[in-house]
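Q: Structure: run09.cif, mmCIF, C-alpha atoms and all ligand atoms.
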```cif
data_coords
loop_
_atom_site.label_atom_id
_atom_site.label_comp_id
_atom_site.auth_asym_id
_atom_site.auth_seq_id
_atom_site.Cartn_x
_atom_site.Cartn_y
_atom_site.Cartn_z
CA MET A 22 0.00 0.00 0.00
CA LEU A 23 1.23 3.50 -0.87
CA VAL A 24 0.22 6.61 1.05
CA ALA A 25 0.82 9.84 -0.91
CA LEU A 26 1.02 13.10 1.02
CA THR A 27 -0.30 16.50 0.01
CA GLN A 28 2.40 19.09 -0.76
CA ASP A 29 1.61 21.08 2.38
CA ALA A 30 1.41 18.02 4.67
CA ASP A 31 3.30 17.80 7.93
CA PRO A 32 5.13 14.48 7.35
CA LYS A 33 5.77 13.93 11.09
CA ALA A 34 2.07 14.25 11.87
CA VAL A 35 1.14 11.82 9.08
CA GLN A 36 3.79 9.34 10.23
CA GLN A 37 2.41 9.46 13.75
CA ALA A 38 -1.15 8.96 12.51
CA LEU A 39 0.01 5.89 10.52
CA MET A 40 2.01 4.40 13.39
CA ALA A 41 -0.89 4.94 15.79
CA ARG A 42 -2.91 2.66 13.50
CA GLY A 43 -0.29 -0.11 13.58
CA LEU A 44 1.24 0.75 10.20
CA TRP A 45 4.98 0.53 9.51
CA ILE A 46 6.60 2.80 6.97
CA ALA A 47 8.93 0.60 4.91
CA ALA A 48 10.23 3.33 2.57
CA THR A 49 9.85 7.03 1.93
CA MET A 50 9.81 8.09 -1.71
CA ARG A 51 10.19 11.66 -2.93
CA ASP A 52 9.81 13.18 -6.36
CA LEU A 53 12.81 14.90 -7.98
CA ASP A 54 12.31 18.27 -6.33
CA GLY A 55 11.68 16.55 -2.98
CA ARG A 56 8.28 18.11 -2.40
CA GLN A 57 5.96 15.15 -3.09
CA VAL A 58 6.33 12.48 -0.37
CA THR A 59 4.89 8.97 -0.63
CA TYR A 60 5.19 6.26 2.03
CA ARG A 61 5.30 2.57 1.23
CA ILE A 62 3.60 0.62 4.01
CA ALA A 63 5.29 -2.63 5.07
CA PRO A 64 3.32 -5.85 4.57
CA TYR A 65 3.73 -6.76 8.27
CA SER A 66 1.60 -3.75 9.24
CA GLY A 67 -1.81 -4.12 10.82
CA GLN A 68 -5.00 -4.18 8.76
CA VAL A 69 -6.58 -0.77 8.37
CA ASP A 70 -9.44 0.39 6.17
CA PRO A 71 -7.84 2.57 3.42
CA GLN A 72 -10.86 4.86 3.63
CA GLU A 73 -9.87 5.71 7.20
CA LEU A 74 -6.37 6.65 6.00
CA ARG A 75 -7.76 8.92 3.30
CA GLY A 76 -9.34 10.97 6.11
CA ILE A 77 -5.98 11.75 7.80
CA ALA A 78 -4.96 15.42 7.41
CA GLY A 79 -2.09 15.62 4.90
CA VAL A 80 -2.93 12.39 3.04
CA ALA A 81 -3.62 13.03 -0.66
CA ALA A 82 -4.23 9.45 -1.80
CA VAL A 83 -4.00 5.83 -0.72
CA LEU A 84 -3.01 3.44 -3.52
CA LEU A 85 -3.67 -0.26 -3.22
CA PRO A 86 -1.89 -2.85 -5.36
CA ALA A 87 -4.17 -5.13 -7.39
CA PRO A 88 -4.90 -8.29 -5.35
CA GLU A 89 -2.35 -11.01 -6.22
CA HIS A 90 -4.43 -13.94 -4.95
CA PRO A 91 -8.09 -12.92 -5.24
CA ARG A 92 -9.42 -16.48 -5.03
CA MET A 93 -7.54 -17.23 -1.83
CA ASP A 94 -8.65 -13.87 -0.42
CA ARG A 95 -12.29 -14.78 -1.13
CA GLN A 96 -12.24 -18.43 -0.10
CA GLY A 97 -13.07 -18.01 3.57
CA PRO A 98 -12.15 -20.02 6.66
CA ARG A 99 -14.11 -23.23 5.99
CA VAL A 100 -13.43 -26.08 3.57
CA ALA A 101 -15.74 -29.09 3.55
CA VAL A 102 -14.08 -32.46 2.97
CA GLY A 103 -16.10 -35.67 2.93
CA GLY A 104 -18.70 -34.36 5.37
CA VAL A 105 -16.13 -32.78 7.72
CA ALA A 106 -15.97 -28.98 7.87
CA ILE A 107 -12.34 -27.95 8.32
CA GLY A 108 -12.33 -24.53 9.98
CA ASP A 109 -15.49 -25.03 12.02
CA GLU A 110 -15.83 -24.64 15.77
CA GLN A 111 -14.19 -27.97 16.57
CA PRO A 112 -10.56 -28.64 15.60
CA VAL A 113 -9.92 -31.51 13.22
CA PHE A 114 -7.18 -34.07 13.68
CA MET A 115 -5.21 -35.84 10.95
CA CYS A 116 -3.30 -38.80 12.34
CA GLY A 117 -1.48 -41.82 11.03
CA PRO A 118 2.02 -42.95 10.09
CA CYS A 119 4.50 -40.99 8.05
CA SER A 120 4.55 -43.86 5.53
CA VAL A 121 1.96 -46.56 5.01
CA GLU A 122 4.20 -49.53 5.75
CA SER A 123 1.85 -52.51 5.42
CA GLU A 124 -1.83 -53.31 5.16
CA ALA A 125 -1.93 -54.70 8.71
CA GLN A 126 -0.17 -51.63 10.09
CA ILE A 127 -2.51 -49.08 8.56
CA HIS A 128 -5.59 -51.05 9.63
CA ALA A 129 -4.34 -51.28 13.21
CA ILE A 130 -3.60 -47.55 13.34
CA ALA A 131 -6.88 -46.58 11.66
CA ASP A 132 -8.77 -48.62 14.20
CA ARG A 133 -7.02 -46.91 17.12
CA VAL A 134 -7.21 -43.33 15.86
CA ALA A 135 -10.87 -43.62 14.82
CA ALA A 136 -11.74 -44.66 18.37
CA LEU A 137 -10.07 -41.47 19.60
CA GLY A 138 -12.33 -39.20 17.54
CA VAL A 139 -9.79 -38.41 14.82
CA GLN A 140 -11.44 -37.41 11.52
CA PHE A 141 -8.64 -37.96 8.97
CA LEU A 142 -6.30 -40.90 8.46
CA ARG A 143 -2.95 -39.77 7.09
CA GLY A 144 -0.14 -41.85 5.62
CA GLY A 145 2.24 -41.54 2.72
CA ALA A 146 1.95 -43.96 -0.18
CA TYR A 147 4.42 -41.97 -2.29
CA LYS A 148 7.21 -40.63 -0.09
CA PRO A 149 9.46 -37.66 -0.89
CA ARG A 150 12.77 -38.76 0.70
CA SER A 151 15.98 -36.77 0.71
CA SER A 152 17.97 -39.93 0.01
CA PRO A 153 17.17 -42.08 -3.01
CA TYR A 154 18.20 -45.10 -0.89
CA ALA A 155 15.55 -44.43 1.78
CA PHE A 156 12.15 -46.14 1.75
CA GLN A 157 10.13 -44.55 -1.07
CA GLY A 158 6.65 -45.78 -0.11
CA HIS A 159 4.55 -48.71 -1.32
CA GLY A 160 2.83 -46.58 -3.98
CA GLU A 161 -0.47 -47.73 -5.43
CA CYS A 162 -0.88 -50.71 -3.05
CA ALA A 163 -0.55 -48.38 -0.08
CA LEU A 164 -3.27 -46.13 -1.50
CA THR A 165 -5.69 -49.06 -1.60
CA TRP A 166 -4.76 -50.15 1.94
CA LEU A 167 -5.18 -46.61 3.21
CA ARG A 168 -8.60 -46.18 1.58
CA ARG A 169 -9.88 -49.50 2.87
CA ALA A 170 -8.59 -48.89 6.40
CA ALA A 171 -10.22 -45.45 6.43
CA ASP A 172 -13.54 -46.68 5.06
CA GLN A 173 -13.75 -49.51 7.57
CA ASN A 174 -13.31 -47.00 10.38
CA GLY A 175 -15.39 -44.05 9.17
CA LEU A 176 -12.29 -41.91 8.48
CA ARG A 177 -11.38 -39.63 5.57
CA VAL A 178 -8.05 -40.01 3.79
CA VAL A 179 -5.36 -37.36 3.41
CA THR A 180 -2.30 -38.45 1.46
CA GLU A 181 0.42 -36.86 -0.60
CA VAL A 182 0.48 -36.77 -4.38
CA LEU A 183 4.12 -36.57 -5.36
CA SER A 184 4.02 -36.53 -9.10
CA GLU A 185 1.82 -35.44 -11.98
CA HIS A 186 1.71 -39.08 -13.15
CA ASP A 187 -0.16 -40.16 -10.03
CA VAL A 188 -2.73 -37.40 -9.78
CA GLU A 189 -5.72 -39.41 -11.06
CA ARG A 190 -4.81 -42.47 -9.03
CA VAL A 191 -4.43 -40.49 -5.81
CA ALA A 192 -7.59 -38.44 -6.48
CA GLU A 193 -9.62 -41.67 -6.76
CA GLN A 194 -8.56 -42.90 -3.33
CA THR A 195 -8.31 -39.67 -1.38
CA ASP A 196 -10.64 -37.16 0.23
CA LEU A 197 -8.01 -34.46 0.70
CA MET A 198 -5.07 -34.33 -1.73
CA GLN A 199 -1.83 -33.37 0.02
CA ILE A 200 0.82 -31.30 -1.74
CA GLY A 201 4.03 -31.81 0.20
CA SER A 202 6.46 -29.17 1.27
CA ARG A 203 8.95 -30.01 -1.45
CA ASN A 204 6.32 -29.56 -4.15
CA MET A 205 4.63 -26.36 -3.00
CA GLN A 206 6.03 -24.52 -6.01
CA ASN A 207 5.83 -27.39 -8.49
CA PHE A 208 3.46 -25.38 -10.64
CA ALA A 209 2.76 -28.14 -13.15
CA LEU A 210 1.67 -30.39 -10.28
CA LEU A 211 -0.44 -27.63 -8.72
CA LYS A 212 -2.27 -27.15 -12.03
CA ARG A 213 -2.94 -30.87 -12.50
CA VAL A 214 -4.12 -31.32 -8.91
CA GLY A 215 -6.34 -28.23 -9.22
CA GLN A 216 -7.93 -29.71 -12.34
CA THR A 217 -9.25 -32.67 -10.34
CA GLY A 218 -11.63 -30.24 -8.61
CA ARG A 219 -10.75 -31.80 -5.25
CA PRO A 220 -9.91 -30.06 -1.96
CA VAL A 221 -6.19 -29.79 -1.26
CA LEU A 222 -3.98 -29.67 1.82
CA LEU A 223 -1.14 -27.38 0.78
CA LYS A 224 1.94 -27.78 2.93
CA ARG A 225 4.22 -24.79 3.17
CA SER A 226 7.56 -25.15 1.47
CA MET A 227 10.40 -25.05 3.97
CA SER A 228 11.64 -21.78 2.51
CA ALA A 229 8.41 -20.18 1.27
CA THR A 230 7.24 -16.73 2.26
CA VAL A 231 3.59 -16.39 3.23
CA GLU A 232 3.02 -14.59 -0.08
CA GLU A 233 4.50 -17.46 -2.10
CA TRP A 234 2.37 -19.91 -0.12
CA LEU A 235 -0.80 -17.93 -0.86
CA LEU A 236 0.15 -17.74 -4.53
CA ALA A 237 0.58 -21.53 -4.63
CA GLY A 238 -2.94 -21.79 -3.19
CA GLU A 239 -4.12 -19.40 -5.89
CA TYR A 240 -2.76 -21.77 -8.56
CA LEU A 241 -4.85 -24.58 -7.11
CA LEU A 242 -8.07 -22.55 -6.94
CA LEU A 243 -7.53 -20.98 -10.36
CA HIS A 244 -7.24 -24.44 -11.91
CA GLY A 245 -10.34 -25.81 -10.19
CA ALA A 246 -9.56 -27.07 -6.67
CA SER A 247 -12.74 -26.97 -4.60
CA GLY A 248 -10.86 -25.60 -1.59
CA VAL A 249 -7.39 -25.05 -0.16
CA VAL A 250 -6.42 -25.86 3.41
CA LEU A 251 -2.97 -24.57 4.35
CA CYS A 252 -0.59 -26.66 6.46
CA GLU A 253 2.24 -25.07 8.44
CA ARG A 254 4.95 -27.71 8.92
CA GLY A 255 7.91 -25.59 9.90
CA ILE A 256 10.45 -23.66 7.89
CA ARG A 257 14.23 -24.05 7.75
CA SER A 258 16.19 -22.26 10.41
CA PHE A 259 19.76 -22.01 11.67
CA ASP A 260 19.04 -24.05 14.80
CA GLU A 261 19.51 -27.81 15.09
CA HIS A 262 17.61 -28.33 18.33
CA THR A 263 14.35 -28.64 16.43
CA ARG A 264 14.07 -30.18 12.96
CA ASN A 265 12.30 -27.08 11.62
CA LEU A 266 11.04 -23.77 12.98
CA LEU A 267 7.27 -23.93 13.43
CA ASP A 268 5.99 -20.54 12.34
CA LEU A 269 3.02 -19.87 14.60
CA GLY A 270 3.07 -16.18 13.65
CA ALA A 271 2.11 -17.20 10.12
CA VAL A 272 -0.62 -19.46 11.54
CA ALA A 273 -2.17 -16.60 13.53
CA LEU A 274 -1.86 -14.23 10.58
CA LEU A 275 -3.41 -16.59 8.04
CA SER A 276 -6.17 -17.90 10.25
CA GLN A 277 -7.13 -14.79 12.19
CA VAL A 278 -6.39 -11.97 9.73
CA HIS A 279 -6.70 -13.67 6.31
CA ARG A 280 -9.46 -15.96 7.65
CA LEU A 281 -8.12 -19.10 5.99
CA PRO A 282 -8.11 -22.66 7.36
CA VAL A 283 -4.67 -23.68 8.61
CA ILE A 284 -3.64 -27.10 9.88
CA VAL A 285 -0.47 -27.26 11.98
CA ASP A 286 1.91 -30.22 11.78
CA PRO A 287 4.08 -30.19 14.92
CA SER A 288 5.60 -33.59 14.01
CA HIS A 289 7.48 -32.21 11.01
CA GLY A 290 7.53 -28.76 12.62
CA THR A 291 9.84 -29.87 15.43
CA GLY A 292 10.91 -33.44 14.67
CA ARG A 293 10.33 -34.28 18.36
CA ARG A 294 7.41 -36.22 19.76
CA ASP A 295 7.76 -34.54 23.18
CA LEU A 296 6.89 -31.16 21.66
CA ILE A 297 3.69 -32.24 19.91
CA LEU A 298 1.42 -31.49 22.85
CA PRO A 299 2.69 -27.99 23.73
CA LEU A 300 2.81 -26.96 20.09
CA GLY A 301 -0.58 -28.51 19.37
CA ARG A 302 -1.97 -26.33 22.16
CA ALA A 303 -0.16 -23.28 20.85
CA ALA A 304 -1.37 -23.96 17.31
CA LEU A 305 -5.02 -24.09 18.33
CA ALA A 306 -4.61 -21.00 20.50
CA ALA A 307 -3.15 -19.23 17.46
CA GLY A 308 -6.25 -20.08 15.44
CA ALA A 309 -5.36 -23.33 13.67
CA ALA A 310 -8.30 -25.31 12.31
CA GLY A 311 -6.66 -28.57 13.32
CA VAL A 312 -3.49 -30.53 13.95
CA MET A 313 -1.68 -33.22 11.96
CA ILE A 314 0.18 -35.72 14.13
CA GLU A 315 2.30 -38.63 12.92
CA THR A 316 1.18 -41.76 14.74
CA HIS A 317 2.89 -45.14 14.59
CA ASP A 318 2.26 -48.54 16.15
CA ASP A 319 6.01 -48.94 16.89
CA PRO A 320 7.90 -45.65 16.29
CA GLY A 321 11.26 -47.29 17.01
CA ARG A 322 10.85 -49.42 13.91
CA ALA A 323 9.22 -46.84 11.64
CA LEU A 324 10.49 -46.77 8.05
CA SER A 325 10.40 -42.96 8.16
CA ASP A 326 10.14 -40.20 10.78
CA GLY A 327 9.93 -42.46 13.88
CA PRO A 328 11.30 -39.86 16.37
CA GLN A 329 8.44 -37.45 15.64
CA ALA A 330 5.64 -40.03 15.84
CA LEU A 331 3.42 -40.82 18.81
CA THR A 332 2.08 -44.24 19.71
CA ALA A 333 -1.71 -44.51 19.85
CA ASP A 334 -1.57 -44.47 23.67
CA GLU A 335 0.47 -41.26 23.63
CA LEU A 336 -1.87 -39.83 21.00
CA GLN A 337 -4.81 -40.52 23.27
CA ARG A 338 -3.28 -38.36 26.03
CA VAL A 339 -2.45 -35.58 23.57
CA LEU A 340 -5.92 -35.57 22.02
CA ARG A 341 -7.58 -35.44 25.43
CA ALA A 342 -5.75 -32.16 26.00
CA LEU A 343 -6.42 -30.76 22.51
CA GLN A 344 -9.94 -31.86 21.61
CA GLY A 345 -12.57 -29.21 22.09
CA ARG A 346 -9.98 -26.42 22.19
CA LYS A 347 -10.25 -23.53 19.80
CA ALA A 348 -8.70 -20.14 19.26
CA ALA A 349 -8.99 -17.68 22.12
C1 LIG B 1 4.46 -35.81 5.24
O1 LIG B 1 3.44 -35.23 5.63
O2 LIG B 1 4.65 -37.03 5.35
C2 LIG B 1 5.55 -35.03 4.62
C3 LIG B 1 6.44 -35.60 3.83
O3 LIG B 1 5.52 -33.76 5.00
P1 LIG B 1 6.32 -32.46 4.43
O4 LIG B 1 5.96 -32.37 2.98
O5 LIG B 1 5.77 -31.38 5.28
O6 LIG B 1 7.78 -32.73 4.66
MN MN B 2 6.84 -37.69 7.82
#
```
Could you spell out this file's structure in structure tokens?
A:
Amino acid sequence: MLVALTQDADPKAVQQALMARGLWIAATMRDLDGRQVTYRIAPYSGQVDPQELRGIAGVAAVLLPAPEHPRMDRQGPRVAVGGVAIGDEQPVFMCGPCSVESEAQIHAIADRVAALGVQFLRGGAYKPRSSPYAFQGHGECALTWLRRAADQNGLRVVTEVLSEHDVERVAEQTDLMQIGSRNMQNFALLKRVGQTGRPVLLKRSMSATVEEWLLAGEYLLLHGASGVVLCERGIRSFDEHTRNLLDLGAVALLSQVHRLPVIVDPSHGTGRRDLILPLGRAALAAGAAGVMIETHDDPGRALSDGPQALTADELQRVLRALQGRKAA
């Protein structure tokens, strides 16, 4: 947003009026003879009605950039998926293993998490792994196991689609298509997934700005997705004590100011199972619509991400503390 001053304005008085409204001046621009002053307002400023700013003495005009992501701006805080409203009063929970490891495993976990009131069964059939030697997922078989385990337990499925080649196959077996962190800006994939007309869980790339994340959501909606649910899963930081840096500021901003549904994933966000409960609480207090928690029958033997997974017994204790909570 640009705020242009009248030639006879008192710049100090205008600055004070802007700051009093929670606005930060990111840059001051002057014309060649230095008489015309325009302020560029920083994006991290508070939300203020431009009409109110036009009424400040010394303000000649307020210029707004064209909206970059109009569909995301209009979407609203609720996305319905298979009869579950994400973004409603009650938080939703998405639980299950990092990878679907066997048919027996996913059935056993589905059975336990359904009994705890979880709405979505998660589990990767196609796994994005940093090492090509690491377990890559059971692919199509795992999709079928996941679907059957969910159906038998009244759960919805959320699973990652890793490649354009698998979009149809995943769409057939899934209620909520997950775009993983590493693919948030794979624009060809975003377009293809959007074209299925399905709702999408869009994980934040580990180095994406909020603006880039919203623009990725815009790709999905522009190409036909029925809804976009954002998922904060931590961004890269300089610190090794947590796997990632869970950005709860972005969660509060997107859910409470932009009014969009945001799921928080403290498993990937910290890499530590002992931080899932405190960060689950913090996420819901910040306005998250729900929490994704990796859950494993035997985390010590998990084929991926064991240290950040809870057992079903541990999940039960965590859910008891989180269920029924919502933003303050
Ligand atoms: C996952 O949810 O299993 C996953 C791979 O997450 P992310 O894309 O956030 O790393
Ligand atoms: Mn994982």
Q: Just checking: using all atoms listed in the file, which residue out of A:Tyr240, A:Tyr60, A:Ala342, A:Gly175 ends up closest to Ala136 of chain A?
A: A:Gly175
Q: Do you know which residues are at most 6 Å from Gly79 of chain A counting only C-alpha atoms, after dropping those on the same chain fewer than 6 positions away, and could you put them as a VMD selection string?
A: chain A and resid 26 to 27 30
Q: Restricted to C-alpha atoms, what would the selected residues look like written as a PDB file, in the coordinates of the input?
A:
```pdb
ATOM      1  CA  LEU A  26       1.020  13.100   1.020  1.00  0.00           C
ATOM      2  CA  THR A  27      -0.300  16.500   0.010  1.00  0.00           C
ATOM      3  CA  ALA A  30       1.410  18.020   4.670  1.00  0.00           C
TER       4      ALA A  30
END
```
Q: For Ala237 of chain A, which residue out of A:Ala155, A:Val182, A:Met205, A:Val58 is the nearest one, using all atoms listed in the file?
A: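 Of the candidates, the smallest distance to Ala237 of chain A is held by A:Met205.
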Q: Given a cut-off of 7 Å, what residues near ligand MN 2 (chain B) show up using only C-alpha atoms and all ligand atoms, put as number ranges by chain?
A: A: 119-120, 289, 315, 325-326
Q: Could you write out that same residue set with C-alpha atoms as a CSV table (one decimal), in the frame of the given file?
A:
```
chain,number,residue,atom,x,y,z
A,119,CYS,CA,4.5,-41.0,8.0
A,120,SER,CA,4.6,-43.9,5.5
A,289,HIS,CA,7.5,-32.2,11.0
A,315,GLU,CA,2.3,-38.6,12.9
A,325,SER,CA,10.4,-43.0,8.2
A,326,ASP,CA,10.1,-40.2,10.8
```
Q: Which residues form the shell of 7 Å around ligand LIG 1 (chain B) when you count all atoms listed in the file, given as a list in words?
A: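 So the residues close to ligand LIG 1 (chain B) are Cys119, Ser120, Gly144, Gly145, Lys148, Pro149, Gly201, Ser202, Arg203, Lys224, Arg254 and His289 of chain A.
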Q: How many Å lie between atom CA of Arg213 of chain A and atom CA of Asp268 of chain A, rounded to one decimal?
A: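 These two atoms are separated by 28.3 Å.
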Q: I'd like to know which of A:Arg322, A:Arg294, A:His186, A:Arg75 is closest to Val35 of chain A, using only C-alpha atoms.
A: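 Selected residue with least distance to Val35 of chain A: A:Arg75.
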Q: Using all atoms listed in the file, determine which residues lie at most 10 Å from Val188 of chain A, disregarding the query and same-chain residues fewer than 5 positions distant; provide the list as a PyMOL selection string.
A: chain A and resi 181-183+193+198+210+213-217
Q: With a cut-off of 6 Å, could you pull out the residues of segment 229-260 of chain A touching segment 90-112 of chain A and give me the nearest pair of atoms for each, distance in Å to one decimal, using only C-alpha atoms, ordered by chain and ascending number, as JSON lines?
A:
```
{"residue": "A:Leu236", "atom": "CA", "partner": "A:His90", "partner_atom": "CA", "distance": 6.0}
{"residue": "A:Glu239", "atom": "CA", "partner": "A:His90", "partner_atom": "CA", "distance": 5.5}
{"residue": "A:Gly248", "atom": "CA", "partner": "A:Val100", "partner_atom": "CA", "distance": 5.8}
```
Q: For each of A:Tyr154, A:Trp45, A:Tyr65, A:Tyr147, take the minimum atom-to-atom distance to Gly270 of chain A, counting all atoms listed in the file, then give the residue where this is smallest.
A: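 Among A:Tyr154, A:Trp45, A:Tyr65, A:Tyr147, it is A:Tyr65 that comes nearest to Gly270 of chain A.
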Q: For Ala323 of chain A, work out the shell of residues within 9 Å, counting all atoms listed in the file and skipping chain neighbours fewer than 3 positions away, then give it as a list of chain:residue names.
A: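 In the requested format, the answer is A:Pro118, A:Cys119, A:Ser120, A:Glu122, A:His317, A:Asp318, A:Asp319, A:Pro320, A:Asp326, A:Gly327, A:Pro328, A:Ala330.
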Q: Could you please give me, as a PyMOL selection string, the residues of protein, DNA or RNA lying at most 9 Å from (8.8, -22.8, 10.1) in the coordinate frame of the file, considering only C-alpha atoms?
A: chain A and resi 225+227-228+253-258+265-269+271+290-291
Q: Please work out which residues fall within 12 Å of (-3.9, -41.7, 8.8), coordinates as given in the file, with all atoms listed in the file counting, and return them as a PyMOL selection string.
A: chain A and resi 114-122+126-135+139-146+163-164+166-172+174-181+195-197+313-318+330+333
Q: Between atom CA of Thr49 of chain A and atom CA of Pro71 of chain A, what is the distance in Å, rounded to a tenth?
A: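 Result for atom CA of Thr49 of chain A versus atom CA of Pro71 of chain A: 18.3 Å, one decimal.
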Q: Could you state the separation of atom CA of His262 of chain A and atom CA of Phe156 of chain A in Å, given to one decimal place?
A: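 Answer for the atom CA of His262 of chain A to atom CA of Phe156 of chain A separation: 24.9 Å.
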